[in-house]
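So this block is final31.cif, mmCIF, C-alpha atoms:
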data_entry
#
loop_
_atom_site.label_atom_id
_atom_site.label_comp_id
_atom_site.auth_asym_id
_atom_site.auth_seq_id
_atom_site.Cartn_x
_atom_site.Cartn_y
_atom_site.Cartn_z
CA MET Z 1 2.06 34.40 109.03
CA LYS Z 2 -0.17 35.79 106.29
CA ARG Z 3 -0.88 38.86 108.41
CA GLN Z 4 2.86 39.44 108.95
CA VAL Z 5 3.47 39.28 105.21
CA LEU Z 6 0.69 41.81 104.58
CA VAL Z 7 2.13 44.16 107.21
CA LEU Z 8 5.59 43.83 105.62
CA ILE Z 9 4.18 44.59 102.15
CA ALA Z 10 2.29 47.62 103.49
CA LEU Z 11 5.44 48.86 105.25
CA ALA Z 12 7.54 48.42 102.10
CA ALA Z 13 4.96 50.29 100.02
CA PHE Z 14 4.85 53.11 102.58
CA LEU Z 15 8.66 53.43 102.57
CA ALA Z 16 8.89 53.25 98.79
CA ALA Z 17 6.25 55.92 98.15
CA PRO Z 18 8.48 59.00 98.73
CA ALA Z 19 11.17 57.54 96.48
CA ALA Z 20 8.61 56.95 93.76
CA PHE Z 21 7.39 60.56 93.93
CA ALA Z 22 10.95 61.90 94.08
CA GLY Z 23 11.66 60.13 90.79
CA ASP Z 24 8.93 62.08 89.03
CA GLU Z 25 10.94 64.83 87.39
CA THR Z 26 8.52 65.76 84.64
CA ARG Z 27 9.09 69.30 83.43
CA TRP Z 28 6.03 71.27 82.47
CA ILE Z 29 5.50 74.10 80.03
CA ASN Z 30 2.72 76.32 81.26
CA VAL Z 31 0.81 78.96 79.33
CA HIS Z 32 -1.70 81.27 80.96
CA VAL Z 33 -3.73 83.72 78.86
CA THR Z 34 -6.35 86.10 80.17
CA GLU Z 35 -8.38 88.36 77.94
CA ASN Z 36 -9.67 91.32 79.88
CA SER Z 37 -12.56 92.36 77.64
CA SER Z 38 -14.27 88.98 77.49
CA ASN Z 39 -13.20 87.69 80.90
CA THR Z 40 -11.65 84.70 79.20
CA ASN Z 41 -9.06 82.66 81.01
CA VAL Z 42 -7.04 79.90 79.34
CA GLU Z 43 -4.53 77.70 81.13
CA VAL Z 44 -2.50 75.04 79.34
CA HIS Z 45 -0.07 72.72 81.11
CA LEU Z 46 1.92 70.35 78.95
CA PRO Z 47 4.74 67.98 79.82
CA LEU Z 48 7.91 69.03 78.00
CA ASN Z 49 8.33 65.52 76.60
CA LEU Z 50 4.90 65.70 74.96
CA VAL Z 51 5.72 69.03 73.34
CA LEU Z 52 9.06 67.69 72.10
CA THR Z 53 7.45 64.59 70.66
CA VAL Z 54 4.97 66.70 68.74
CA LEU Z 55 7.66 69.10 67.50
CA ARG Z 56 9.91 66.30 66.29
CA ASN Z 57 7.09 64.73 64.32
CA VAL Z 58 5.60 67.81 62.72
CA ASP Z 59 6.18 67.79 58.98
CA VAL Z 60 4.73 70.90 57.36
CA GLU Z 61 5.94 73.44 54.85
CA ASN Z 62 8.64 75.25 56.83
CA PHE Z 63 8.92 72.92 59.77
CA HIS Z 64 10.39 69.43 59.55
CA GLY Z 65 11.45 67.15 62.38
CA GLY Z 66 11.85 69.95 64.90
CA HIS Z 67 13.78 72.20 62.50
CA VAL Z 68 12.26 75.46 61.30
CA ASP Z 69 13.38 76.99 58.03
CA LEU Z 70 14.35 80.60 58.78
CA GLU Z 71 13.82 81.49 55.09
CA LEU Z 72 16.67 83.98 55.15
CA ASP Z 73 17.72 85.74 52.02
CA GLU Z 74 20.64 83.85 50.45
CA ASP Z 75 22.57 87.10 50.19
CA MET Z 76 22.46 87.57 53.94
CA ASP Z 77 25.48 86.09 55.57
CA ILE Z 78 24.74 85.95 59.27
CA ASP Z 79 26.89 83.85 61.54
CA PHE Z 80 24.36 83.09 64.24
CA PRO Z 81 26.61 80.88 66.38
CA GLU Z 82 29.21 83.66 66.50
CA ILE Z 83 26.59 86.22 67.53
CA MET Z 84 25.31 83.89 70.24
CA ALA Z 85 28.82 83.28 71.54
CA ALA Z 86 29.48 87.02 71.63
CA VAL Z 87 26.31 87.66 73.62
CA LYS Z 88 27.13 84.86 76.00
CA ASP Z 89 30.67 86.06 76.62
CA ALA Z 90 29.70 89.70 76.99
CA PRO Z 91 29.81 91.17 80.50
CA ASP Z 92 26.62 92.04 82.35
CA GLY Z 93 25.11 95.36 81.39
CA LYS Z 94 22.70 97.17 79.10
CA PHE Z 95 23.00 96.13 75.46
CA VAL Z 96 20.19 98.07 73.84
CA THR Z 97 18.13 101.00 75.03
CA VAL Z 98 15.56 102.57 72.73
CA LYS Z 99 13.24 105.33 73.80
CA SER Z 100 10.54 106.60 71.45
CA ASP Z 101 7.00 107.98 71.55
CA GLU Z 102 5.66 104.56 70.60
CA ALA Z 103 7.65 102.29 72.87
CA ASP Z 104 10.73 101.83 75.01
CA VAL Z 105 12.93 98.80 74.38
CA ASN Z 106 15.58 97.49 76.71
CA VAL Z 107 17.91 94.53 76.32
CA HIS Z 108 20.26 93.80 79.17
CA LYS Z 109 22.23 90.90 80.53
CA GLN Z 110 22.44 90.06 84.18
CA GLY Z 111 23.68 86.99 86.01
CA GLY Z 112 23.67 84.65 83.04
CA THR Z 113 20.27 85.76 81.80
CA LEU Z 114 19.28 88.04 78.93
CA PHE Z 115 16.28 90.25 79.61
CA VAL Z 116 14.28 91.89 76.81
CA THR Z 117 11.68 94.46 77.84
CA VAL Z 118 9.32 96.36 75.57
CA ASN Z 119 6.99 99.01 76.97
CA GLN Z 120 4.41 100.14 74.46
CA LYS Z 121 3.20 103.71 75.02
CA GLU Z 122 0.10 103.68 72.84
CA ASP Z 123 -2.71 101.43 71.56
CA GLU Z 124 -2.74 98.37 73.82
CA MET Z 125 -0.09 99.76 76.17
CA ALA Z 126 1.52 96.34 76.15
CA LYS Z 127 4.47 95.48 78.33
CA VAL Z 128 6.50 92.54 77.09
CA GLU Z 129 9.13 90.85 79.23
CA VAL Z 130 11.17 88.02 77.76
CA THR Z 131 13.68 86.13 79.87
CA VAL Z 132 16.34 84.17 77.99
CA PRO Z 133 18.63 82.06 80.16
CA LEU Z 134 21.98 81.97 78.35
CA GLU Z 135 22.07 78.18 78.62
CA LEU Z 136 19.44 78.29 75.89
CA MET Z 137 21.95 79.84 73.55
CA ASP Z 138 24.15 76.75 73.80
CA ALA Z 139 21.22 74.80 72.47
CA LEU Z 140 20.70 77.09 69.51
CA SER Z 141 21.75 74.92 66.66
CA PHE Z 142 21.66 76.22 63.10
CA GLY Z 143 21.68 73.86 60.16
CA GLU Z 144 23.53 74.37 56.90
CA GLU Z 145 20.41 75.49 55.09
CA ASN Z 146 19.36 78.27 57.46
CA THR Z 147 17.35 76.04 59.74
CA LEU Z 148 16.99 76.34 63.48
CA ASP Z 149 16.61 73.27 65.67
CA VAL Z 150 13.63 74.33 67.79
CA ALA Z 151 13.33 70.89 69.35
CA ALA Z 152 16.90 71.07 70.67
CA LEU Z 153 16.17 74.51 72.04
CA LEU Z 154 13.12 73.26 73.89
CA GLN Z 155 14.98 70.17 75.05
CA SER Z 156 17.43 72.47 76.80
CA LEU Z 157 14.55 73.85 78.90
CA ASP Z 158 14.73 70.52 80.70
CA THR Z 159 17.96 71.57 82.40
CA LEU Z 160 16.80 75.04 83.41
CA PRO Z 161 15.49 75.93 86.84
CA ASN Z 162 11.82 76.77 87.23
CA GLY Z 163 10.99 80.24 86.06
CA GLU Z 164 9.18 82.66 83.81
CA LEU Z 165 10.09 82.81 80.12
CA VAL Z 166 7.62 85.27 78.65
CA LYS Z 167 5.24 87.73 80.26
CA VAL Z 168 3.00 90.10 78.35
CA THR Z 169 0.63 92.48 80.06
CA SER Z 170 -1.61 94.88 78.19
CA ASN Z 171 -4.98 96.56 78.35
CA GLU Z 172 -6.50 93.76 76.30
CA ALA Z 173 -4.80 90.58 77.43
CA ASN Z 174 -2.14 89.09 79.64
CA VAL Z 175 0.06 86.18 78.64
CA ARG Z 176 2.48 84.25 80.82
CA VAL Z 177 4.69 81.35 79.76
CA TRP Z 178 6.79 79.59 82.34
CA ILE Z 179 8.51 76.30 82.99
CA GLU Z 180 8.41 74.27 86.15
CA MET W 1 -36.81 5.02 85.20
CA ASN W 2 -35.29 5.69 81.80
CA GLY W 3 -37.70 8.55 81.27
CA GLN W 4 -36.70 10.10 84.59
CA ARG W 5 -32.98 9.79 83.70
CA GLY W 6 -33.65 11.43 80.35
CA MET W 7 -35.37 14.39 81.99
CA SER W 8 -32.51 14.96 84.43
CA THR W 9 -29.94 14.81 81.57
CA LEU W 10 -31.95 17.39 79.66
CA GLY W 11 -32.18 19.51 82.81
CA ALA W 12 -28.42 19.29 83.34
CA VAL W 13 -27.78 20.29 79.73
CA LEU W 14 -30.20 23.21 80.04
CA LEU W 15 -28.63 24.27 83.33
CA ALA W 16 -25.11 24.10 81.91
CA GLY W 17 -26.24 25.99 78.82
CA THR W 18 -27.92 28.69 80.88
CA ALA W 19 -24.86 29.00 83.13
CA GLY W 20 -22.59 29.22 80.09
CA LEU W 21 -24.81 31.83 78.50
CA LEU W 22 -24.89 33.85 81.71
CA THR W 23 -21.10 33.65 82.09
CA ALA W 24 -20.58 34.69 78.47
CA THR W 25 -23.06 37.53 78.93
CA LEU W 26 -21.28 38.77 82.04
CA MET W 27 -17.87 38.51 80.43
CA MET W 28 -18.87 40.42 77.32
CA ASP W 29 -18.39 44.17 77.05
CA TRP W 30 -21.78 45.85 76.96
CA MET W 31 -22.71 49.29 75.86
CA VAL W 32 -25.80 51.05 77.16
CA VAL W 33 -27.29 53.97 75.30
CA ASP W 34 -29.40 55.95 77.74
CA VAL W 35 -31.71 58.59 76.31
CA HIS W 36 -33.25 60.83 78.90
CA VAL W 37 -35.73 63.63 78.21
CA VAL W 38 -36.34 66.37 80.77
CA ASP W 39 -39.46 68.49 80.37
CA VAL W 40 -37.82 71.92 80.25
CA SER W 41 -41.21 73.60 80.60
CA GLU W 42 -41.27 72.28 84.17
CA THR W 43 -37.62 72.55 85.21
CA ASP W 44 -34.66 74.67 84.25
CA ASP W 45 -32.23 72.00 85.34
CA ILE W 46 -31.23 70.01 82.28
CA HIS W 47 -29.38 67.59 84.54
CA ALA W 48 -32.46 66.88 86.65
CA ASP W 49 -33.11 63.21 87.20
CA VAL W 50 -36.47 62.07 85.93
CA PRO W 51 -37.76 58.52 85.93
CA VAL W 52 -38.28 58.21 82.17
CA HIS W 53 -35.25 56.80 80.41
CA ILE W 54 -34.95 54.89 77.19
CA LYS W 55 -32.16 52.45 77.75
CA VAL W 56 -30.79 50.30 74.96
CA PRO W 57 -28.19 47.83 76.18
CA PHE W 58 -26.33 45.70 73.66
CA PRO W 59 -23.17 43.62 73.67
CA LEU W 60 -20.29 45.14 71.76
CA VAL W 61 -19.57 41.84 70.09
CA LEU W 62 -22.94 42.06 68.29
CA ALA W 63 -22.16 45.56 67.05
CA ASP W 64 -18.74 44.29 66.03
CA ILE W 65 -20.32 41.49 63.98
CA ALA W 66 -22.91 43.85 62.50
CA ALA W 67 -20.13 46.19 61.34
CA GLY W 68 -18.67 43.27 59.42
CA PHE W 69 -21.69 43.32 57.15
CA ILE W 70 -21.04 46.84 55.92
CA PRO W 71 -20.29 46.42 52.19
CA ASP W 72 -16.60 46.80 51.38
CA GLU W 73 -17.46 49.05 48.44
CA LEU W 74 -18.98 51.61 50.81
CA LEU W 75 -15.87 51.63 52.98
CA ASP W 76 -13.54 51.74 49.98
CA ASP W 77 -15.38 54.76 48.61
CA ALA W 78 -14.81 56.70 51.80
CA GLN W 79 -11.14 57.44 51.29
CA ILE W 80 -9.16 59.32 53.92
CA PRO W 81 -7.65 62.58 52.60
CA PRO W 82 -3.87 62.29 52.05
CA GLU W 83 -3.37 65.27 54.38
CA VAL W 84 -4.60 63.08 57.22
CA THR W 85 -2.50 60.07 56.17
CA ALA W 86 0.58 62.31 56.07
CA GLN W 87 0.15 63.10 59.76
CA LYS W 88 0.14 59.44 60.84
CA GLU W 89 3.54 59.53 62.56
CA LEU W 90 2.75 62.80 64.32
CA VAL W 91 -0.59 61.57 65.63
CA LEU W 92 0.79 58.18 66.75
CA ALA W 93 3.75 59.77 68.51
CA THR W 94 1.55 62.37 70.19
CA VAL W 95 -0.97 59.84 71.49
CA ALA W 96 1.82 57.51 72.68
CA SER W 97 3.53 60.39 74.45
CA LEU W 98 0.25 61.44 76.04
CA LEU W 99 -0.26 57.90 77.28
CA ASP W 100 3.20 57.94 78.89
CA SER W 101 2.66 61.36 80.46
CA PRO W 102 1.80 61.70 84.13
CA ASP W 103 -1.74 62.57 85.20
CA MET W 104 -2.43 66.23 84.61
CA HIS W 105 -4.93 69.01 84.10
CA LEU W 106 -3.99 69.73 80.49
CA VAL W 107 -6.31 72.53 79.56
CA LYS W 108 -8.56 74.85 81.54
CA VAL W 109 -10.67 77.44 79.74
CA ARG W 110 -13.05 79.81 81.50
CA THR W 111 -15.23 82.17 79.50
CA GLU W 112 -18.50 83.92 80.24
CA ASP W 113 -20.55 81.30 78.42
CA ALA W 114 -18.50 78.12 78.63
CA ASN W 115 -15.96 76.23 80.69
CA VAL W 116 -13.72 73.58 79.21
CA ASP W 117 -11.46 71.21 81.13
CA ILE W 118 -9.27 68.45 79.78
CA PHE W 119 -7.65 66.05 82.22
CA LYS W 120 -5.51 62.99 81.88
CA GLU W 121 -6.20 60.40 84.55
CA GLY W 122 -4.42 57.10 84.13
CA ASP W 123 -5.11 55.83 80.62
CA THR W 124 -8.16 58.05 80.21
CA LEU W 125 -8.52 61.52 78.74
CA ARG W 126 -11.46 63.30 80.35
CA ILE W 127 -13.08 66.16 78.47
CA LEU W 128 -15.63 68.32 80.28
CA VAL W 129 -17.52 71.10 78.56
CA ASP W 130 -20.02 73.17 80.52
CA ALA W 131 -21.64 75.65 78.16
CA ASP W 132 -24.79 77.70 78.61
CA ASP W 133 -26.69 75.55 76.15
CA ALA W 134 -24.98 72.18 76.46
CA LEU W 135 -23.03 69.91 78.70
CA VAL W 136 -20.57 67.34 77.40
CA ARG W 137 -18.66 64.70 79.31
CA CYS W 138 -16.30 62.43 77.44
CA ASN W 139 -13.94 59.78 78.79
CA ILE W 140 -11.61 58.62 76.04
CA PRO W 141 -9.38 55.57 76.59
CA ILE W 142 -6.01 56.78 75.30
CA ASP W 143 -4.63 53.24 75.12
CA GLY W 144 -7.64 52.16 73.06
CA VAL W 145 -7.25 55.10 70.71
CA LEU W 146 -3.55 54.32 70.28
CA ALA W 147 -4.26 50.64 69.56
CA ALA W 148 -6.98 51.61 67.07
CA LEU W 149 -4.74 54.09 65.30
CA GLU W 150 -1.86 51.62 65.16
CA ASN W 151 -4.09 48.98 63.61
CA TRP W 152 -5.64 51.36 61.14
CA ASP W 153 -4.36 51.55 57.54
CA TRP W 154 -4.87 55.36 57.52
CA GLU W 155 -6.34 55.12 54.03
CA THR W 156 -9.87 53.80 54.40
CA VAL W 157 -12.66 54.17 56.95
CA ASP W 158 -12.47 51.28 59.39
CA PRO W 159 -15.45 50.76 61.78
CA GLN W 160 -13.30 48.33 63.75
CA MET W 161 -11.46 51.36 65.16
CA ILE W 162 -14.57 52.41 67.06
CA PHE W 163 -14.88 49.00 68.68
CA ASP W 164 -11.19 48.93 69.59
CA VAL W 165 -11.73 52.19 71.44
CA LEU W 166 -14.99 51.08 73.06
CA HIS W 167 -13.48 47.76 74.23
CA ALA W 168 -10.68 49.71 75.93
CA ALA W 169 -13.03 52.18 77.61
CA GLU W 170 -13.38 51.96 81.37
CA ASN W 171 -16.68 50.89 82.87
CA GLY W 172 -19.07 53.78 83.41
CA GLU W 173 -19.70 56.96 81.51
CA PHE W 174 -18.16 57.05 78.02
CA VAL W 175 -19.97 60.02 76.51
CA THR W 176 -22.77 62.19 77.85
CA VAL W 177 -24.30 65.06 75.94
CA ALA W 178 -27.06 67.18 77.45
CA THR W 179 -28.58 70.10 75.63
CA ASP W 180 -30.78 72.90 76.90
CA ASP W 181 -33.80 71.51 75.04
CA GLY W 182 -33.93 68.80 77.67
CA VAL W 183 -32.40 65.86 75.84
CA ARG W 184 -29.62 63.99 77.51
CA VAL W 185 -27.94 61.11 75.72
CA ALA W 186 -25.42 59.02 77.60
CA VAL W 187 -23.36 56.11 76.36
CA LYS W 188 -22.15 53.97 79.21
CA MET W 189 -19.82 50.99 79.17
CA TRP W 190 -20.42 47.93 81.29
#
Could you render the structure from this file as structure tokens?
Amino acid sequence: MKRQVLVLIALAAFLAAPAAFAGDETRWINVHVTENSSNTNVEVHLPLNLVLTVLRNVDVENFHGGHVDLELDEDMDIDFPEIMAAVKDAPDGKFVTVKSDEADVNVHKQGGTLFVTVNQKEDEMAKVEVTVPLELMDALSFGEENTLDVAALLQSLDTLPNGELVKVTSNEANVRVWIE
Amino acid sequence: MNGQRGMSTLGAVLLAGTAGLLTATLMMDWMVVDVHVVDVSETDDIHADVPVHIKVPFPLVLADIAAGFIPDELLDDAQIPPEVTAQKELVLATVASLLDSPDMHLVKVRTEDANVDIFKEGDTLRILVDADDALVRCNIPIDGVLAALENWDWETVDPQMIFDVLHAAENGEFVTVATDDGVRVAVKMW
């Protein structure tokens, strides 16, 4: 009898294991930095919830409870939500193209994602690629006193598919930030 | 006859006392400080095992009691800077969130002269530093740290915090520091 009970418990545990793992939907923010000159390699993997908890509890000069003070000049009257809505509603295509001796800059929208690319042509020869899923723009929330809710922005990463957010390659260092 | 009965009663009392003492000893948390000196003129391996150790085992409860004799004036004088007190909520929330997080390899750093790894395994935060001139292993009980921080007034130095953390530490290695001059100090919990 005792043996049968043990077998049943083992069987139940075996069947429940996949369900338990399937329930683990932790999202991770990953940062990978390599410095070419010193052969330094840094990898940081943080659960999104941990990052959010920290952000919401930081209370320093320009950052309170997940809100950063943009410190904009009072004379500037920028309607950020309207700008965001305009970008979101715009059709796919190239928004900005800058070509100069120092760097080329490209901003284009494709398939619900905004891509910003900067190619530096001197010094560190850096290439910066920033990927902004437009769902993030819905999460951009501006307060009355020129504050941006960074925590809400990061919270929205939770709903995004896995993918790269920032990639910087240069002669000196490479940086990659992605969510999974 | 009476004398014989008296002896057996004394024996029984002694036996019960010894058994009680042994049980209490086994149930207590013990800390062992293990100092280990490697002759670096003979070996380059600072982790080499040599037979000479200085081991100092002591029950945590004794250290706990001893800490109670630290004069209050000394502790009152050592005030915590207000900048630290102001971060109480941030620190508590961060540690609690870390405790709730799944197991993970949090940080991995590789440089030419040092490697650093920070893992979370269960309720323990494992910190491993392998540098050219030193080796550090640290297993921090996150739940113990959280309990200690929650009980702390965040204004004065409280030795009790250390014991809260040590009591929560898992059995085995708590901290090990080995330097290239051949000294290895390990604090183990038992």
Query raised in the report: Could you list, as a count of residues only, every residue of chain W that has an atom within 12 Å of an atom of chain Z, counting all atoms listed in the file?
Result: 38
Query raised in the report: Any idea what's packed within 6 Å of segment 163-180 of chain W, counting only C-alpha atoms, ignoring anything in its chain fewer than 3 positions away? Could you give it as a PyMOL selection string?
Result: chain W and resi 133-139+141+144-145+148+160+183-190
Got a sec to resolve the PyMOL selection byres ((chain Z and resi 167) around 7) on this structure and send the residues as a PDB file with C-alpha atoms, in the frame of the given file?
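Dumped to part11.pdb:
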ATOM      1  CA  VAL Z 128       6.500  92.540  77.090  1.00  0.00           C
ATOM      2  CA  GLU Z 129       9.130  90.850  79.230  1.00  0.00           C
ATOM      3  CA  VAL Z 130      11.170  88.020  77.760  1.00  0.00           C
ATOM      4  CA  LEU Z 165      10.090  82.810  80.120  1.00  0.00           C
ATOM      5  CA  VAL Z 166       7.620  85.270  78.650  1.00  0.00           C
ATOM      6  CA  VAL Z 168       3.000  90.100  78.350  1.00  0.00           C
ATOM      7  CA  THR Z 169       0.630  92.480  80.060  1.00  0.00           C
ATOM      8  CA  VAL Z 175       0.060  86.180  78.640  1.00  0.00           C
ATOM      9  CA  ARG Z 176       2.480  84.250  80.820  1.00  0.00           C
ATOM     10  CA  VAL Z 177       4.690  81.350  79.760  1.00  0.00           C
TER      11      VAL Z 177
END
Report summary line: re atom CA of Ile54 of chain W and atom CA of Met161 of chain W: distance 26.6 Å
I need the residue set behind the PyMOL selection byres ((chain Z and resi 133) around 7) for this file; please write it as an mmCIF file with C-alpha atoms, keeping the file's coordinate frame.
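Output file expr-v3.cif is given in full below:
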data_model
loop_
_atom_site.group_PDB
_atom_site.id
_atom_site.type_symbol
_atom_site.label_atom_id
_atom_site.label_comp_id
_atom_site.auth_asym_id
_atom_site.auth_seq_id
_atom_site.Cartn_x
_atom_site.Cartn_y
_atom_site.Cartn_z
ATOM 1 C CA GLY Z 112 23.670 84.650 83.040
ATOM 2 C CA THR Z 113 20.270 85.760 81.800
ATOM 3 C CA LEU Z 114 19.280 88.040 78.930
ATOM 4 C CA THR Z 131 13.680 86.130 79.870
ATOM 5 C CA VAL Z 132 16.340 84.170 77.990
ATOM 6 C CA LEU Z 134 21.980 81.970 78.350
ATOM 7 C CA GLU Z 135 22.070 78.180 78.620
ATOM 8 C CA LEU Z 136 19.440 78.290 75.890
#
